[in-house]
Structures are given as C-alpha cells and as structure tokens.
file model32.pdb (PDB, C-alpha atoms)
ATOM      1  CA  MET A 845     125.839  48.776 101.494  1.00  0.00           C
ATOM      2  CA  ASP A 846     126.786  46.414  98.646  1.00  0.00           C
ATOM      3  CA  LYS A 847     123.160  45.395  98.226  1.00  0.00           C
ATOM      4  CA  GLU A 848     122.017  49.009  98.029  1.00  0.00           C
ATOM      5  CA  ILE A 849     124.665  49.761  95.383  1.00  0.00           C
ATOM      6  CA  GLN A 850     123.657  46.661  93.410  1.00  0.00           C
ATOM      7  CA  LEU A 851     120.002  47.726  93.452  1.00  0.00           C
ATOM      8  CA  LEU A 852     120.871  51.211  92.212  1.00  0.00           C
ATOM      9  CA  GLU A 853     123.091  49.791  89.461  1.00  0.00           C
ATOM     10  CA  LEU A 854     120.281  47.531  88.255  1.00  0.00           C
ATOM     11  CA  LEU A 855     117.820  50.440  88.154  1.00  0.00           C
ATOM     12  CA  GLN A 856     120.282  52.638  86.256  1.00  0.00           C
ATOM     13  CA  SER A 857     121.107  49.784  83.852  1.00  0.00           C
ATOM     14  CA  ALA A 858     117.437  49.199  83.048  1.00  0.00           C
ATOM     15  CA  MET A 859     116.828  52.902  82.405  1.00  0.00           C
ATOM     16  CA  GLN A 860     119.994  53.216  80.293  1.00  0.00           C
ATOM     17  CA  THR A 861     119.041  50.178  78.211  1.00  0.00           C
ATOM     18  CA  ARG A 862     115.715  51.787  77.319  1.00  0.00           C
ATOM     19  CA  GLY A 863     117.429  55.062  76.431  1.00  0.00           C
ATOM     20  CA  ASP A 864     120.028  53.385  74.197  1.00  0.00           C
ATOM     21  CA  GLU A 865     117.378  51.379  72.359  1.00  0.00           C
ATOM     22  CA  ASP A 866     115.281  54.466  71.710  1.00  0.00           C
ATOM     23  CA  GLU A 867     118.321  56.278  70.347  1.00  0.00           C
ATOM     24  CA  ASP A 868     119.232  53.359  68.054  1.00  0.00           C
ATOM     25  CA  GLU A 869     115.661  53.194  66.788  1.00  0.00           C
ATOM     26  CA  GLU A 870     115.665  56.909  65.958  1.00  0.00           C
ATOM     27  CA  LYS A 871     118.938  56.576  64.030  1.00  0.00           C
ATOM     28  CA  LYS A 872     117.555  53.681  61.999  1.00  0.00           C
ATOM     29  CA  LYS A 873     114.434  55.654  61.128  1.00  0.00           C
ATOM     30  CA  LYS A 874     116.485  58.588  59.861  1.00  0.00           C
ATOM     31  CA  LYS A 875     118.648  56.292  57.780  1.00  0.00           C
ATOM     32  CA  CYS A 876     115.600  54.576  56.323  1.00  0.00           C
ATOM     33  CA  LYS A 877     114.070  57.878  55.212  1.00  0.00           C
ATOM     34  CA  LYS A 878     117.046  58.539  52.950  1.00  0.00           C
ATOM     35  CA  ARG A 879     116.376  55.430  50.863  1.00  0.00           C
ATOM     36  CA  SER A 880     114.383  55.651  47.648  1.00  0.00           C
ATOM     37  CA  GLY A 881     112.025  52.699  48.193  1.00  0.00           C
ATOM     38  CA  PRO A 882     109.177  53.818  50.480  1.00  0.00           C
ATOM     39  CA  THR A 883     107.511  50.398  50.608  1.00  0.00           C
ATOM     40  CA  THR A 884     110.742  48.621  51.508  1.00  0.00           C
ATOM     41  CA  CYS A 885     111.533  51.311  54.048  1.00  0.00           C
ATOM     42  CA  THR A 886     108.165  50.869  55.766  1.00  0.00           C
ATOM     43  CA  ASP A 887     108.628  47.097  55.923  1.00  0.00           C
ATOM     44  CA  ASN A 888     112.110  47.496  57.347  1.00  0.00           C
ATOM     45  CA  GLN A 889     110.863  49.967  59.922  1.00  0.00           C
ATOM     46  CA  ARG A 890     108.149  47.576  61.025  1.00  0.00           C
ATOM     47  CA  LYS A 891     110.556  44.647  61.317  1.00  0.00           C
ATOM     48  CA  THR A 892     113.123  46.746  63.137  1.00  0.00           C
ATOM     49  CA  HIS A 893     110.518  48.055  65.554  1.00  0.00           C
ATOM     50  CA  ILE A 894     109.306  44.532  66.353  1.00  0.00           C
ATOM     51  CA  THR A 895     112.862  43.321  66.964  1.00  0.00           C
ATOM     52  CA  VAL A 896     113.791  46.298  69.110  1.00  0.00           C
ATOM     53  CA  GLU A 897     110.611  46.036  71.146  1.00  0.00           C
ATOM     54  CA  ARG A 898     111.118  42.307  71.688  1.00  0.00           C
ATOM     55  CA  ASN A 899     114.702  42.855  72.874  1.00  0.00           C
ATOM     56  CA  ARG A 900     113.643  45.741  75.083  1.00  0.00           C
ATOM     57  CA  ARG A 901     110.985  43.662  76.796  1.00  0.00           C
ATOM     58  CA  ARG A 902     113.387  40.783  77.292  1.00  0.00           C
ATOM     59  CA  LEU A 903     116.065  42.996  78.848  1.00  0.00           C
ATOM     60  CA  MET A 904     113.555  44.817  81.030  1.00  0.00           C
ATOM     61  CA  ASN A 905     112.105  41.520  82.263  1.00  0.00           C
ATOM     62  CA  ASP A 906     115.612  40.232  83.034  1.00  0.00           C
ATOM     63  CA  HIS A 907     116.519  43.381  84.963  1.00  0.00           C
ATOM     64  CA  LEU A 908     113.219  43.385  86.862  1.00  0.00           C
ATOM     65  CA  ALA A 909     113.575  39.708  87.742  1.00  0.00           C
ATOM     66  CA  ALA A 910     117.094  40.321  89.081  1.00  0.00           C
ATOM     67  CA  LEU A 911     115.890  43.375  90.978  1.00  0.00           C
ATOM     68  CA  ARG A 912     112.981  41.470  92.489  1.00  0.00           C
ATOM     69  CA  SER A 913     115.264  38.636  93.605  1.00  0.00           C
ATOM     70  CA  LEU A 914     117.310  41.099  95.687  1.00  0.00           C
ATOM     71  CA  MET A 915     114.313  42.298  97.685  1.00  0.00           C
ATOM     72  CA  PRO A 916     112.306  40.673 100.498  1.00  0.00           C
ATOM     73  CA  PRO A 917     108.859  39.526  99.256  1.00  0.00           C
ATOM     74  CA  MET A 918     107.082  42.097 101.430  1.00  0.00           C
ATOM     75  CA  TYR A 919     108.364  44.894  99.176  1.00  0.00           C
ATOM     76  CA  VAL A 920     106.856  43.431  95.994  1.00  0.00           C
ATOM     77  CA  ARG A 921     103.130  42.923  96.377  1.00  0.00           C
ATOM     78  CA  ARG A 922     102.500  42.551  92.628  1.00  0.00           C
ATOM     79  CA  GLY A 923     104.660  41.454  89.723  1.00  0.00           C
ATOM     80  CA  ASP A 924     104.104  44.363  87.338  1.00  0.00           C
ATOM     81  CA  GLN A 925     106.979  46.691  86.469  1.00  0.00           C
ATOM     82  CA  ALA A 926     105.704  49.702  88.411  1.00  0.00           C
ATOM     83  CA  SER A 927     105.264  47.646  91.587  1.00  0.00           C
ATOM     84  CA  VAL A 928     108.750  46.153  91.346  1.00  0.00           C
ATOM     85  CA  VAL A 929     110.398  49.538  90.828  1.00  0.00           C
ATOM     86  CA  ALA A 930     108.320  51.162  93.584  1.00  0.00           C
ATOM     87  CA  GLY A 931     109.247  48.323  95.930  1.00  0.00           C
ATOM     88  CA  ALA A 932     112.923  48.720  95.040  1.00  0.00           C
ATOM     89  CA  ILE A 933     112.795  52.432  95.867  1.00  0.00           C
ATOM     90  CA  GLU A 934     111.149  51.692  99.202  1.00  0.00           C
ATOM     91  CA  PHE A 935     113.676  48.955  99.988  1.00  0.00           C
ATOM     92  CA  VAL A 936     116.655  51.172  99.145  1.00  0.00           C
ATOM     93  CA  LYS A 937     115.274  53.881 101.425  1.00  0.00           C
ATOM     94  CA  GLU A 938     114.893  51.361 104.233  1.00  0.00           C
ATOM     95  CA  LEU A 939     118.497  50.237 103.722  1.00  0.00           C
ATOM     96  CA  GLU A 940     119.604  53.836 103.800  1.00  0.00           C
ATOM     97  CA  GLN A 941     117.822  54.384 107.122  1.00  0.00           C
ATOM     98  CA  LEU A 942     119.464  51.234 108.462  1.00  0.00           C
ATOM     99  CA  LEU A 943     122.863  52.593 107.477  1.00  0.00           C
ATOM    100  CA  LEU A 944     122.086  55.830 109.272  1.00  0.00           C
ATOM    101  CA  SER A 945     121.189  53.915 112.437  1.00  0.00           C
ATOM    102  CA  LEU A 946     124.374  51.846 112.224  1.00  0.00           C
ATOM    103  CA  TYR A 947     126.440  54.981 111.746  1.00  0.00           C
ATOM    104  CA  ALA A 948     124.871  56.582 114.802  1.00  0.00           C
ATOM    105  CA  GLU A 949     125.727  53.489 116.851  1.00  0.00           C
ATOM    106  CA  LYS A 950     129.286  53.410 115.526  1.00  0.00           C
ATOM    107  CA  LYS A 951     129.737  57.108 116.209  1.00  0.00           C
ATOM    108  CA  SER A 952     128.587  56.693 119.803  1.00  0.00           C
ATOM    109  CA  SER A 953     131.245  54.006 120.264  1.00  0.00           C
ATOM    110  CA  SER A 954     133.996  56.314 118.936  1.00  0.00           C
ATOM    111  CA  SER A 955     134.277  54.622 115.556  1.00  0.00           C
ATOM    112  CA  SER A 956     136.720  56.031 113.002  1.00  0.00           C
ATOM    113  CA  LEU A 957     134.095  55.908 110.258  1.00  0.00           C
ATOM    114  CA  THR A 958     133.365  59.289 108.666  1.00  0.00           C
ATOM    115  CA  PRO A 959     129.983  60.381 107.264  1.00  0.00           C
ATOM    116  CA  ALA A 960     131.414  60.673 103.763  1.00  0.00           C
ATOM    117  CA  GLY A 961     132.811  57.155 103.879  1.00  0.00           C
ATOM    118  CA  PHE A 962     129.594  55.735 105.279  1.00  0.00           C
ATOM    119  CA  PHE A 963     126.803  57.450 103.327  1.00  0.00           C
ATOM    120  CA  PHE A 964     128.349  58.538 100.045  1.00  0.00           C
ATOM    121  CA  ILE A 965     129.664  56.555  97.090  1.00  0.00           C
ATOM    122  CA  SER A 966     131.244  59.281  94.932  1.00  0.00           C
ATOM    123  CA  PRO A 967     130.511  62.680  96.484  1.00  0.00           C
ATOM    124  CA  GLN A 968     131.212  65.761  94.379  1.00  0.00           C
ATOM    125  CA  PHE A 969     131.839  67.876  97.492  1.00  0.00           C
ATOM    126  CA  THR A 970     133.466  66.862 100.768  1.00  0.00           C
ATOM    127  CA  GLY A 971     135.158  68.857 103.486  1.00  0.00           C
ATOM    128  CA  GLU A 972     136.625  68.932 106.941  1.00  0.00           C
ATOM    129  CA  GLY A 973     135.510  70.451 110.201  1.00  0.00           C
ATOM    130  CA  ASP A 974     132.129  70.990 111.827  1.00  0.00           C
ATOM    131  CA  HIS A 975     130.922  73.462 109.195  1.00  0.00           C
ATOM    132  CA  ARG A 976     131.464  71.345 106.090  1.00  0.00           C
ATOM    133  CA  VAL A 977     128.701  70.637 103.577  1.00  0.00           C
ATOM    134  CA  GLU A 978     129.031  67.336 101.734  1.00  0.00           C
ATOM    135  CA  VAL A 979     127.014  66.678  98.580  1.00  0.00           C
ATOM    136  CA  GLU A 980     126.523  63.764  96.214  1.00  0.00           C
ATOM    137  CA  ALA A 981     124.198  63.884  93.196  1.00  0.00           C
ATOM    138  CA  SER A 982     123.527  61.249  90.548  1.00  0.00           C
ATOM    139  CA  LEU A 983     121.335  61.760  87.502  1.00  0.00           C
ATOM    140  CA  VAL A 984     119.403  59.171  85.466  1.00  0.00           C
ATOM    141  CA  GLN A 985     116.964  60.283  82.759  1.00  0.00           C
ATOM    142  CA  GLY A 986     115.808  63.423  84.500  1.00  0.00           C
ATOM    143  CA  HIS A 987     115.652  61.907  87.995  1.00  0.00           C
ATOM    144  CA  VAL A 988     118.155  62.977  90.625  1.00  0.00           C
ATOM    145  CA  ASN A 989     119.302  61.091  93.704  1.00  0.00           C
ATOM    146  CA  LEU A 990     120.686  63.734  96.069  1.00  0.00           C
ATOM    147  CA  LYS A 991     122.448  63.299  99.419  1.00  0.00           C
ATOM    148  CA  VAL A 992     123.508  66.200 101.608  1.00  0.00           C
ATOM    149  CA  LEU A 993     125.337  66.200 104.938  1.00  0.00           C
ATOM    150  CA  SER A 994     125.265  69.615 106.575  1.00  0.00           C
ATOM    151  CA  PRO A 995     125.517  71.368 109.917  1.00  0.00           C
ATOM    152  CA  ARG A 996     122.110  72.002 111.473  1.00  0.00           C
ATOM    153  CA  TRP A 997     120.755  75.485 110.780  1.00  0.00           C
ATOM    154  CA  PRO A 998     117.392  77.129 111.600  1.00  0.00           C
ATOM    155  CA  GLY A 999     114.940  76.926 108.692  1.00  0.00           C
ATOM    156  CA  GLN A1000     117.510  75.074 106.600  1.00  0.00           C
ATOM    157  CA  LEU A1001     115.280  72.448 104.996  1.00  0.00           C
ATOM    158  CA  VAL A1002     112.431  74.805 104.069  1.00  0.00           C
ATOM    159  CA  ARG A1003     114.821  77.287 102.469  1.00  0.00           C
ATOM    160  CA  ALA A1004     116.724  74.532 100.643  1.00  0.00           C
ATOM    161  CA  ILE A1005     113.538  73.061  99.140  1.00  0.00           C
ATOM    162  CA  ALA A1006     112.412  76.538  98.042  1.00  0.00           C
ATOM    163  CA  ALA A1007     115.779  77.066  96.340  1.00  0.00           C
ATOM    164  CA  LEU A1008     115.567  73.680  94.620  1.00  0.00           C
ATOM    165  CA  GLU A1009     112.125  74.525  93.285  1.00  0.00           C
ATOM    166  CA  GLU A1010     113.507  77.778  91.886  1.00  0.00           C
ATOM    167  CA  LEU A1011     116.010  75.646  89.970  1.00  0.00           C
ATOM    168  CA  ARG A1012     113.044  73.618  88.680  1.00  0.00           C
ATOM    169  CA  LEU A1013     113.965  70.546  90.720  1.00  0.00           C
ATOM    170  CA  SER A1014     110.792  69.141  92.292  1.00  0.00           C
ATOM    171  CA  VAL A1015     111.027  66.930  95.379  1.00  0.00           C
ATOM    172  CA  GLN A1016     109.537  63.442  94.937  1.00  0.00           C
ATOM    173  CA  HIS A1017     110.842  61.728  98.085  1.00  0.00           C
ATOM    174  CA  LEU A1018     112.621  63.084 101.161  1.00  0.00           C
ATOM    175  CA  ASN A1019     114.297  61.496 104.191  1.00  0.00           C
ATOM    176  CA  VAL A1020     115.710  63.619 107.008  1.00  0.00           C
ATOM    177  CA  THR A1021     117.970  62.236 109.733  1.00  0.00           C
ATOM    178  CA  SER A1022     119.551  64.024 112.681  1.00  0.00           C
ATOM    179  CA  LEU A1023     122.991  62.522 113.184  1.00  0.00           C
ATOM    180  CA  SER A1024     123.823  64.657 116.212  1.00  0.00           C
ATOM    181  CA  SER A1025     122.832  67.889 117.890  1.00  0.00           C
ATOM    182  CA  ASN A1026     124.562  69.859 115.141  1.00  0.00           C
ATOM    183  CA  SER A1027     124.536  67.621 112.058  1.00  0.00           C
ATOM    184  CA  MET A1028     121.786  66.751 109.553  1.00  0.00           C
ATOM    185  CA  PHE A1029     121.652  64.239 106.698  1.00  0.00           C
ATOM    186  CA  TYR A1030     119.197  64.727 103.825  1.00  0.00           C
ATOM    187  CA  SER A1031     118.346  62.166 101.161  1.00  0.00           C
ATOM    188  CA  LEU A1032     116.156  63.440  98.315  1.00  0.00           C
ATOM    189  CA  ASN A1033     114.770  62.109  95.059  1.00  0.00           C
ATOM    190  CA  LEU A1034     114.230  64.992  92.640  1.00  0.00           C
ATOM    191  CA  LYS A1035     112.687  65.332  89.206  1.00  0.00           C
ATOM    192  CA  MET A1036     114.090  67.788  86.689  1.00  0.00           C
ATOM    193  CA  GLU A1037     111.317  69.903  85.199  1.00  0.00           C
ATOM    194  CA  GLU A1038     111.421  71.019  81.556  1.00  0.00           C
ATOM    195  CA  GLU A1039     112.531  74.523  82.557  1.00  0.00           C
ATOM    196  CA  CYS A1040     115.531  73.225  84.532  1.00  0.00           C
ATOM    197  CA  ARG A1041     118.774  74.591  83.099  1.00  0.00           C
ATOM    198  CA  LEU A1042     121.109  72.229  84.943  1.00  0.00           C
ATOM    199  CA  GLY A1043     122.460  69.615  82.587  1.00  0.00           C
ATOM    200  CA  SER A1044     124.566  67.230  84.676  1.00  0.00           C
ATOM    201  CA  ALA A1045     124.924  65.686  88.131  1.00  0.00           C
ATOM    202  CA  ASP A1046     128.012  67.822  88.781  1.00  0.00           C
ATOM    203  CA  GLU A1047     126.106  71.023  87.998  1.00  0.00           C
ATOM    204  CA  ILE A1048     123.300  69.964  90.337  1.00  0.00           C
ATOM    205  CA  ALA A1049     125.757  69.082  93.120  1.00  0.00           C
ATOM    206  CA  SER A1050     127.524  72.435  92.691  1.00  0.00           C
ATOM    207  CA  SER A1051     124.249  74.366  92.885  1.00  0.00           C
ATOM    208  CA  VAL A1052     123.084  72.430  95.951  1.00  0.00           C
ATOM    209  CA  HIS A1053     126.436  72.962  97.660  1.00  0.00           C
ATOM    210  CA  GLN A1054     126.153  76.705  97.070  1.00  0.00           C
ATOM    211  CA  ILE A1055     122.579  76.725  98.387  1.00  0.00           C
ATOM    212  CA  PHE A1056     123.494  75.082 101.682  1.00  0.00           C
ATOM    213  CA  CYS A1057     126.650  77.144 102.126  1.00  0.00           C
ATOM    214  CA  CYS A1058     124.641  80.334 101.634  1.00  0.00           C
ATOM    215  CA  ILE A1059     121.919  79.182 104.062  1.00  0.00           C
ATOM    216  CA  ASN A1060     124.458  78.200 106.697  1.00  0.00           C
ATOM    217  CA  THR A1061     126.209  81.581 106.590  1.00  0.00           C
ATOM    218  CA  SER A1062     123.139  83.829 106.444  1.00  0.00           C
TER     219      SER A1062
END
call {"tool": "encode", "arguments": {"input": "model32.pdb", "output": "structure tokens"}}
result
Amino acid sequence: MDKEIQLLELLQSAMQTRGDEDEDEEKKKKKCKKRSGPTTCTDNQRKTHITVERNRRRLMNDHLAALRSLMPPMYVRRGDQASVVAGAIEFVKELEQLLLSLYAEKKSSSSSLTPAGFFFISPQFTGEGDHRVEVEASLVQGHVNLKVLSPRWPGQLVRAIAALEELRLSVQHLNVTSLSSNSMFYSLNLKMEEECRLGSADEIASSVHQIFCCINTS
C-alpha cells in the first residue's frame, strides 16, 4: 500500500512541477511585455526559457528515475518518459489487484478490515450497511483516478459509464472486481473532456456518488 501511494505521489509531483513551471513562465512573459526595451525583453525571454526548460528537464528526469527505481524491471522495457509512466500505471494497477486479492482473503478469515480502510486513501463518500456507495476521486491536470465500492446491481457498470460520458468524462482504463456475491469494486482512470463542467475532485466524486445511488435504487 505504501509503495502504491509513493508511486502516485511521484506521478502527481512530476505533473505539478510541469504545471507550476508553465505558470511561472507565463507570468514572466507578461511582465516582460510591459517593459519599454523590446530587444532586451526578447533576450530576457530567451534566457528565461532556456533556464526554465533546463530545470524542467532536470526535475522530470529526477522524478522519472525515482519512479523507475520503485518498479520491477519487467514494467519498464524502455527508458523514455512515456514508457516509464506507462509502466508505472501498469504496476500500480497490478498492486491494486493484489490488494483486492488480499482483502478477499482477509474477509474470508473474518478480518476486521473494512473496504474503505483497505482500498481508499481519502474517500469523499463513505457509508455503513450493505447498500452503501463509497467513492474516492483524485484529479491531476484533467486526469481522474476514480474508485467506487458499490452493491452489485443489474446493468450497473454499463449505465455508470454512459452517465460518465454524459458528464464528458471518458474512460481510459477500467478494473472491475467482485468482492462478494453482492459487492463490486470499480477502479477507473478518466480523462476530462473540454466540455466537462466539473471543476474539482469533490465535484466529480459527488456526481459519481449520485449516479450510483440512482442506479442502485431504480
């Protein structure tokens, strides 16, 4: 569990670093435009861009190296950035499936572990009883990591995906696990389309919670 969290933190840190640098660069450009010396401004822009790009590459390489060191070699077949990130996603999903298997074993031995305590880090919605719907959503630069624990219901997944697409949340990756005869766990990676009107992880979690509650009572 700690390794999965560490991998996610590294991915989020790398993405946030790029976003912060882009924002700083945009602020510097706006400030430079206000100055009266166009030649000096252009030179400063060029120097600033070179410095920012050099720092960005250094930080990205550091994050990718740390990320790669946390994964078994079989998940990183090449050393380029896309391969490392793709391998990290695959590895995290494998760890998640391992956790699901361990939970199933613990549950069969009457463990006191709860689904929320085992699968979720900071869920926005939890509950009690057999009919609860638990939801956790995290958002990083337009990409959503969504986890849902819900009672089993006929046609649930198909209807949920259709509702997500109506919200302009497209499914990139999906894992489905049956925890028992009446309980399902969904793990989804979503991409926010340009038309999506949801602006935060809490808003996404709230919408998803409503979707599943409506499906489960219809």
call {"tool": "atom_distance", "arguments": {"input": "model32.pdb", "atom1": "CA of Ile1055 (chain A)", "atom2": "CA of Ala1007 (chain A)"}}
result
7.1 Å
call {"tool": "atom_distance", "arguments": {"input": "model32.pdb", "atom1": "CA of Leu983 (chain A)", "atom2": "CA of Ser1044 (chain A)"}}
result
7.0 Å
call {"tool": "residues_around", "arguments": {"input": "model32.pdb", "residues": "Glu978 (chain A)", "least_positions_apart": "3", "cutoff": "8 Å", "atoms": "all atoms listed in the file", "output": "number ranges by chain"}}
result
A: 960, 967-971, 992-994, 1053
call {"tool": "residues_around", "arguments": {"input": "model32.pdb", "residues": "Asn989 (chain A)", "least_positions_apart": "2", "cutoff": "7 Å", "atoms": "all atoms listed in the file", "output": "PyMOL selection string"}}
result
chain A and resi 981-983+987+991+1032-1034
call {"tool": "closest_residue", "arguments": {"input": "model32.pdb", "among": "A:Cys1057, A:Ala1045, A:Leu1001, A:Leu914", "to": "Val988 (chain A)", "atoms": "all atoms listed in the file"}}
result
A:Ala1045
call {"tool": "residues_around", "arguments": {"input": "model32.pdb", "residues": "Leu1023 (chain A)", "least_positions_apart": "4", "cutoff": "8 Å", "atoms": "all atoms listed in the file", "output": "list in words"}}
result
Leu944, Ala948, Ser1027, Met1028 and Phe1029 of chain A
call {"tool": "write_last_selection", "arguments": {"input": "model32.pdb", "atoms": "C-alpha atoms", "output": "short mmCIF file (atom, residue, chain, number, x, y, z; two decimals), in the frame of the given file"}}
result
data_model
loop_
_atom_site.label_atom_id
_atom_site.label_comp_id
_atom_site.auth_asym_id
_atom_site.auth_seq_id
_atom_site.Cartn_x
_atom_site.Cartn_y
_atom_site.Cartn_z
CA LEU A 944 122.09 55.83 109.27
CA ALA A 948 124.87 56.58 114.80
CA SER A 1027 124.54 67.62 112.06
CA MET A 1028 121.79 66.75 109.55
CA PHE A 1029 121.65 64.24 106.70
#
call {"tool": "atom_distance", "arguments": {"input": "model32.pdb", "atom1": "CA of Arg912 (chain A)", "atom2": "CA of Ala926 (chain A)"}}
result
11.7 Å
call {"tool": "closest_residue", "arguments": {"input": "model32.pdb", "among": "A:Ala910, A:Cys1040, A:Met918, A:Ile933", "to": "Leu1011 (chain A)", "atoms": "only C-alpha atoms"}}
result
A:Cys1040
call {"tool": "closest_residue", "arguments": {"input": "model32.pdb", "among": "A:Val979, A:Pro917, A:Ile894, A:Phe963", "to": "Glu940 (chain A)", "atoms": "only C-alpha atoms"}}
result
A:Phe963
call {"tool": "closest_residue", "arguments": {"input": "model32.pdb", "among": "A:Met915, A:Leu1042, A:Leu903, A:Val1002", "to": "Glu938 (chain A)", "atoms": "all atoms listed in the file"}}
result
A:Met915
call {"tool": "closest_residue", "arguments": {"input": "model32.pdb", "among": "A:Leu942, A:Ala1004, A:Met1036, A:Val936", "to": "Asn1060 (chain A)", "atoms": "all atoms listed in the file"}}
result
A:Ala1004
call {"tool": "residues_around", "arguments": {"input": "model32.pdb", "residues": "Ser1062 (chain A)", "least_positions_apart": "3", "cutoff": "12 Å", "atoms": "all atoms listed in the file", "output": "list in words"}}
result
Trp997, Pro998, Gly999, Gln1000, Arg1003, Ile1055, Phe1056, Cys1057, Cys1058 and Ile1059 of chain A
call {"tool": "residues_around", "arguments": {"input": "model32.pdb", "residues": "Gly931 (chain A)", "least_positions_apart": "4", "cutoff": "7 Å", "atoms": "all atoms listed in the file", "output": "list of chain:residue names"}}
result
A:Tyr919, A:Val920, A:Ser927, A:Phe935
call {"tool": "write_last_selection", "arguments": {"input": "model32.pdb", "atoms": "C-alpha atoms", "output": "PDB file, in the coordinates of the input"}}
result
ATOM      1  CA  TYR A 919     108.364  44.894  99.176  1.00  0.00           C
ATOM      2  CA  VAL A 920     106.856  43.431  95.994  1.00  0.00           C
ATOM      3  CA  SER A 927     105.264  47.646  91.587  1.00  0.00           C
ATOM      4  CA  PHE A 935     113.676  48.955  99.988  1.00  0.00           C
TER       5      PHE A 935
END
call {"tool": "axis_aligned_box", "arguments": {"input": "model32.pdb", "around": "region 981-988 of chain A", "padding_each_side": "4 Å", "output": "lines of an AutoDock Vina configuration file"}}
result
center_x = 119.9
center_y = 61.5
center_z = 88.0
size_x = 16.5
size_y = 12.7
size_z = 18.4
call {"tool": "build_atoms", "arguments": {"input": "model32.pdb", "residues": "region 903-910 of chain A", "atoms": "all heavy atoms", "output": "PDB file, keeping the file's coordinate frame"}}
result
ATOM      1  N   LEU A 903     115.087  42.407  77.949  1.00  0.00           N
ATOM      2  CA  LEU A 903     116.065  42.996  78.848  1.00  0.00           C
ATOM      3  C   LEU A 903     115.391  43.581  80.094  1.00  0.00           C
ATOM      4  O   LEU A 903     115.891  43.422  81.213  1.00  0.00           O
ATOM      5  CB  LEU A 903     116.849  44.088  78.118  1.00  0.00           C
ATOM      6  CG  LEU A 903     117.853  43.593  77.070  1.00  0.00           C
ATOM      7  CD1 LEU A 903     118.442  44.767  76.301  1.00  0.00           C
ATOM      8  CD2 LEU A 903     118.976  42.796  77.731  1.00  0.00           C
ATOM      9  N   MET A 904     114.263  44.252  79.891  1.00  0.00           N
ATOM     10  CA  MET A 904     113.555  44.817  81.030  1.00  0.00           C
ATOM     11  C   MET A 904     113.080  43.718  81.980  1.00  0.00           C
ATOM     12  O   MET A 904     113.193  43.836  83.205  1.00  0.00           O
ATOM     13  CB  MET A 904     112.357  45.640  80.548  1.00  0.00           C
ATOM     14  CG  MET A 904     112.713  47.001  79.992  1.00  0.00           C
ATOM     15  SD  MET A 904     113.422  48.097  81.246  1.00  0.00           S
ATOM     16  CE  MET A 904     112.033  48.287  82.355  1.00  0.00           C
ATOM     17  N   ASN A 905     112.563  42.635  81.432  1.00  0.00           N
ATOM     18  CA  ASN A 905     112.105  41.520  82.263  1.00  0.00           C
ATOM     19  C   ASN A 905     113.266  40.896  83.029  1.00  0.00           C
ATOM     20  O   ASN A 905     113.122  40.509  84.195  1.00  0.00           O
ATOM     21  CB  ASN A 905     111.406  40.469  81.403  1.00  0.00           C
ATOM     22  CG  ASN A 905     110.051  40.929  80.902  1.00  0.00           C
ATOM     23  OD1 ASN A 905     109.420  41.787  81.517  1.00  0.00           O
ATOM     24  ND2 ASN A 905     109.602  40.371  79.791  1.00  0.00           N
ATOM     25  N   ASP A 906     114.428  40.784  82.362  1.00  0.00           N
ATOM     26  CA  ASP A 906     115.612  40.232  83.034  1.00  0.00           C
ATOM     27  C   ASP A 906     116.051  41.127  84.189  1.00  0.00           C
ATOM     28  O   ASP A 906     116.353  40.650  85.293  1.00  0.00           O
ATOM     29  CB  ASP A 906     116.763  40.069  82.031  1.00  0.00           C
ATOM     30  CG  ASP A 906     116.518  38.950  81.028  1.00  0.00           C
ATOM     31  OD1 ASP A 906     115.615  38.113  81.281  1.00  0.00           O
ATOM     32  OD2 ASP A 906     117.206  38.913  79.994  1.00  0.00           O
ATOM     33  N   HIS A 907     116.108  42.444  83.920  1.00  0.00           N
ATOM     34  CA  HIS A 907     116.519  43.381  84.963  1.00  0.00           C
ATOM     35  C   HIS A 907     115.526  43.380  86.126  1.00  0.00           C
ATOM     36  O   HIS A 907     115.923  43.401  87.299  1.00  0.00           O
ATOM     37  CB  HIS A 907     116.631  44.797  84.393  1.00  0.00           C
ATOM     38  CG  HIS A 907     117.819  44.998  83.501  1.00  0.00           C
ATOM     39  ND1 HIS A 907     119.089  44.619  83.857  1.00  0.00           N
ATOM     40  CD2 HIS A 907     117.932  45.556  82.269  1.00  0.00           C
ATOM     41  CE1 HIS A 907     119.932  44.928  82.888  1.00  0.00           C
ATOM     42  NE2 HIS A 907     119.244  45.494  81.907  1.00  0.00           N
ATOM     43  N   LEU A 908     114.241  43.358  85.809  1.00  0.00           N
ATOM     44  CA  LEU A 908     113.219  43.385  86.862  1.00  0.00           C
ATOM     45  C   LEU A 908     113.244  42.105  87.689  1.00  0.00           C
ATOM     46  O   LEU A 908     113.051  42.132  88.910  1.00  0.00           O
ATOM     47  CB  LEU A 908     111.838  43.593  86.239  1.00  0.00           C
ATOM     48  CG  LEU A 908     111.566  44.993  85.691  1.00  0.00           C
ATOM     49  CD1 LEU A 908     110.290  44.997  84.853  1.00  0.00           C
ATOM     50  CD2 LEU A 908     111.447  45.997  86.833  1.00  0.00           C
ATOM     51  N   ALA A 909     113.492  40.979  87.019  1.00  0.00           N
ATOM     52  CA  ALA A 909     113.575  39.708  87.742  1.00  0.00           C
ATOM     53  C   ALA A 909     114.768  39.714  88.699  1.00  0.00           C
ATOM     54  O   ALA A 909     114.670  39.263  89.848  1.00  0.00           O
ATOM     55  CB  ALA A 909     113.681  38.551  86.748  1.00  0.00           C
ATOM     56  N   ALA A 910     115.909  40.234  88.226  1.00  0.00           N
ATOM     57  CA  ALA A 910     117.094  40.321  89.081  1.00  0.00           C
ATOM     58  C   ALA A 910     116.854  41.272  90.242  1.00  0.00           C
ATOM     59  O   ALA A 910     117.239  41.000  91.386  1.00  0.00           O
ATOM     60  CB  ALA A 910     118.293  40.778  88.253  1.00  0.00           C
TER      61      ALA A 910
END
